[in-house]
Each structure stands twice: as structure tokens, then as C-alpha cells.
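*Asks:* Got a structure for you, written out below as C-alpha cells; questions coming shortly.
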Amino acid sequence: MKELNLHRYQRQILLDKFGDETQIKLLSSKILVCGAGGLGSPALLYLAAAGVGTIGIVDFDIVDLSNLQRQIIYNNNDIGKPKAKTAVKKLKELNPEINLIEHAEAITNQNALDIISQYDLVLDGTDNFETRYLINDACVLLDKPLIYGAVLKFEGQVGVFNFKSKETEYTTNYRDLFPTPPDPKFTTSCNEAGVLGVLPGVIGTMQATEAIKLISGIGVPLSNQILTYNALENSFYKLNIKPNQNTKNEMPLSKEQFLKFDYNWFCNSTKRIDEIDIYDLNNLIKSEKLTIIDIREEGEKPDTNDFEYLKIPMSRIYEYLIDFNTTNKIILFCQTGKRSLYLTEVLKEEMPENTIYSLKGGIVDWVKHN
């Protein structure tokens, strides 16, 4: 461990119940941040600035223009670059005295245990249910504290799982909060519903605060609690979580079970027979006549000029079906593929003679990779 730089961390060291010893605890700690996006960006910046000795970053995505509204660790010059590598570079500039480890890969049940086992605790900044359940289960198996965060529209949540505080004699995990994942047809993401840009900053900073509290032993952590913040109303409320015995019937209880557990199937997000991915669509565009329909409502972005398409909002689809007649394969797309998948199932019953697909990942995925 490097010698403690008293000048860099002076404002923290001056705090009551903090001092040199607590700063040394931070410098000796290892924290893994899963996702270097809206939540991960502010958390990473503050953890690095605070002097967390080793920070690991798991992210396989690249920087997109749409990220910059909330993912403050990046700027315009970073568009198209890998997030994990770029974040490491920025954090080294902020604090060259700490150790930064880049995991530029998707976290899966094949690598999660190996990666997470290297760290003291995990901060979850991911944005989908499959990965949240996977990270949670890995932390339970490895007995690692997990700091949860989530944002949507104007509201966010933060909490601490798998940590026994002085105030409680039990631990809870993400499955105690959500024993079963919601139906993906009826859930929305930030890509579809949007998010106020400053909100991930608030929640991500709260996650970093909880991480510092757990490592240093100061304060009262949000163990077995969820704190919800509403930005429009400036309101906070806490939800206490109790262990749910039913969770043990669903989650993997050993390393062998974990490695075999299908999180895509569990969250009902696997590729279905009525979905088509962007690569298959590219091939079909070149080889067949297609009727491609954008079912998003007016004003939803992004748009594309890569192929011709009709614009028929989902809310008005039945108005058009009366006179709709084509023998072409029909491809429906929305923002991220959830609404179009639902509508594909509905229209297959209404139009059994047609071949209908939903574009997996929606126009957001298409624009990102084309």
C-alpha cells in the first residue's frame, strides 16, 4: 500500500470519527463497480477521489452521444470508445495514487464469481434484471456486500444487501425485494421512458456514500432498507426489507447451480421465435421485401435512414389494420424491443397468415451498431 497522502485527503481526515486510520481503511479496500454508466459514473468519480485503494470497473459497452446527458465521466471526445477503458483513464487523471482494474467484458455466471471474489464489496450500476439477479446471487454465494441502485424517470432507489449491520441480526438480498422478476412486456427502461439527467448523479453518489460507510465503519448503512428519492417532489422514504423464505426456492445455492442457472430464461428475456436481431434484419433487408413498421409514438427518438419504414404508433395500430394488406414479412420496432414484442404476439393472432417479427433491442440497438 502506498504511503498516505495527508494533503490530498485532508478534508476527510479532519472529520470526527474519521481520521488517519479510517482513511487507511479506504486506501486498503477493493471495490467493484458493475456498470460505468449513469450510476457508475458519479460513484466511480467519488470513490476514486475519496481514496478507495483499488477500484474494478466491469463494462463492455461503448460511449454513445445519448450517454453524455447523465454519464458525467465521459465527454464528446469519448464517443465510440470503450467505457471501462475510458473510465480508467479519467480516474487515473483524477487520482493517480489508486489502483484501477479494467474488466472490459459482460459479467456472466461464467466469470462473475472469479471477478467478484477479488473485491471487498460490489456496487451495482447495471440497468437490467438479468444482470441484477446474477450479481446479487454471486454476492450471496461469496458473502460480499452489495450496494443496489436503480433510476427511472424522476425517481431512484438505493439500498445495501447481504450486509449484517449492528442494528439487525439478519441479512437480505435483492431477491427478498423482488422474489420474481417482472414480466418484461410490462416493464420500461430509461431508453423507453427516459430519466432526468441529474437523478443518476444523486443515486450514484448515494451508492458511493454507502460504500465508504461500509468500508470505514462510520455511520448507519442502508442495510436491509431501500431509500427512494423523488426528484420532482423532493421526497424521500425508506422501505424496510425482511428475509423472504421463498427466495431460497428460486436462487442457486451452490457454485455448480450458479454456473448452470439461466438468468435470461429466469427473467424471460431470451431471444424468442417471434424476435429478430439486428444482424438478421440486415441480411433480410438485402435479400427480401419487407414491411418495416415503427410503432413508437410521435416524437420518440432516435430515427434512422438505413431503411424505409412506415410509422404507425402502437396506440393507433388498429385504425390501420382495417386496410392493411401485404404478403411481405412484417418487422415491428420500438425503442428497445419490448412494446414491439408484445404487439407482435397480439398481431400474430389477428393476422395469422402473415410472418411478423419484433426487432430485438429496438431502434436503439440498431443505431448503436450500424
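By convention here, the chains of the C-alpha cells are called A, B, ... in the order presented, each chain's residues are numbered starting at 1, and ligands are numbered starting at 1 in the order presented.
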Please report, as a PyMOL selection string, each residue of region 38-282 of chain A to which DSSP assigns strand (DSSP E or B) when run on this structure's backbone.
*Replies:* chain A and resi 54-58+62+82+99-103+121-124+146-153+155-161+195+223+225-230+235-240+275-276
*Asks:* Have a look at CA of Ile135 (chain A) and CA of Asn109 (chain A) and let me know their distance in Å, one decimal.
*Replies:*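 Separation of CA of Ile135 (chain A) and CA of Asn109 (chain A): 8.5 Å.
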*Asks:* Skipping near chain neighbours, those fewer than 4 positions away, what residues fall within 10 Å of region 249-256 of chain A using only C-alpha atoms, listed as a VMD selection string?
*Replies:* chain A and resid 109 113 133 to 134 136 to 138 140 to 142 175 179 to 180 245 260 to 261 266
*Asks:* If DSSP is run on the backbone, what residues of region 26-232 of chain A are alpha helix (DSSP H)? A reply as number ranges by chain would be ideal.
*Replies:* A: 26-28, 40-50, 83-94, 112-116, 129-142, 174-177, 190-193, 199-216
*Asks:* Counting only C-alpha atoms, which residues of region 157-249 of chain A fall within 8 Å of region 8-27 of chain A, and what is the closest atom pair for each with its distance in Å at one decimal, ordered by chain and rising number, as CSV?
*Replies:*
residue,atom,partner,partner_atom,distance
A:Ile212,CA,A:Leu26,CA,7.3
A:Ile215,CA,A:Leu26,CA,6.4
A:Ser216,CA,A:Thr22,CA,5.5
A:Ile218,CA,A:Lys17,CA,7.2
*Asks:* In Å, how far is it from CA of Gly362 (chain A) to CA of Thr327 (chain A)?
*Replies:*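 Between CA of Gly362 (chain A) and CA of Thr327 (chain A) the gap is 23.0 Å.
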*Asks:* Could you name the residues that touch Thr172 (chain A) at 9 Å or less, counting only C-alpha atoms, but leaving out those on the same chain fewer than 3 positions away, as a VMD selection string?
*Replies:* chain A and resid 160 to 164 175 to 177 223 to 225 241 to 244
*Asks:* With only C-alpha atoms as the basis for distance, which of A:Ala48, A:Cys34, A:Ile73, A:Ala150 is at the shortest distance from Glu105 (chain A)?
*Replies:* A:Cys34
*Asks:* Write out as a list of chain:residue names which residues come within 10 Å of Leu310 (chain A) when counting only C-alpha atoms, dropping same-chain ones fewer than 3 positions away.
*Replies:*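 Surrounding residues, per the criterion: A:Thr291, A:Ile292, A:Ile293, A:Asp294, A:Ile295, A:Pro313, A:Leu332.
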*Asks:* Could I get the residues of region 239-287 of chain A with an atom no further than 6 Å from an atom of region 120-132 of chain A, each paired with its nearest atom pair and that distance in Å to one decimal, using only C-alpha atoms, sorted by chain and residue number, as CSV?
*Replies:*
residue,atom,partner,partner_atom,distance
A:Tyr263,CA,A:Glu130,CA,5.4
A:Asn264,CA,A:Glu130,CA,6.0
A:Cys267,CA,A:Glu130,CA,5.9
*Asks:* Quick one: residues within 9 Å of Ile226 (chain A), only C-alpha atoms, excluding same-chain residues fewer than 5 positions away - as a ChimeraX atom specification?
*Replies:* /A:148,157-160,177,237-241
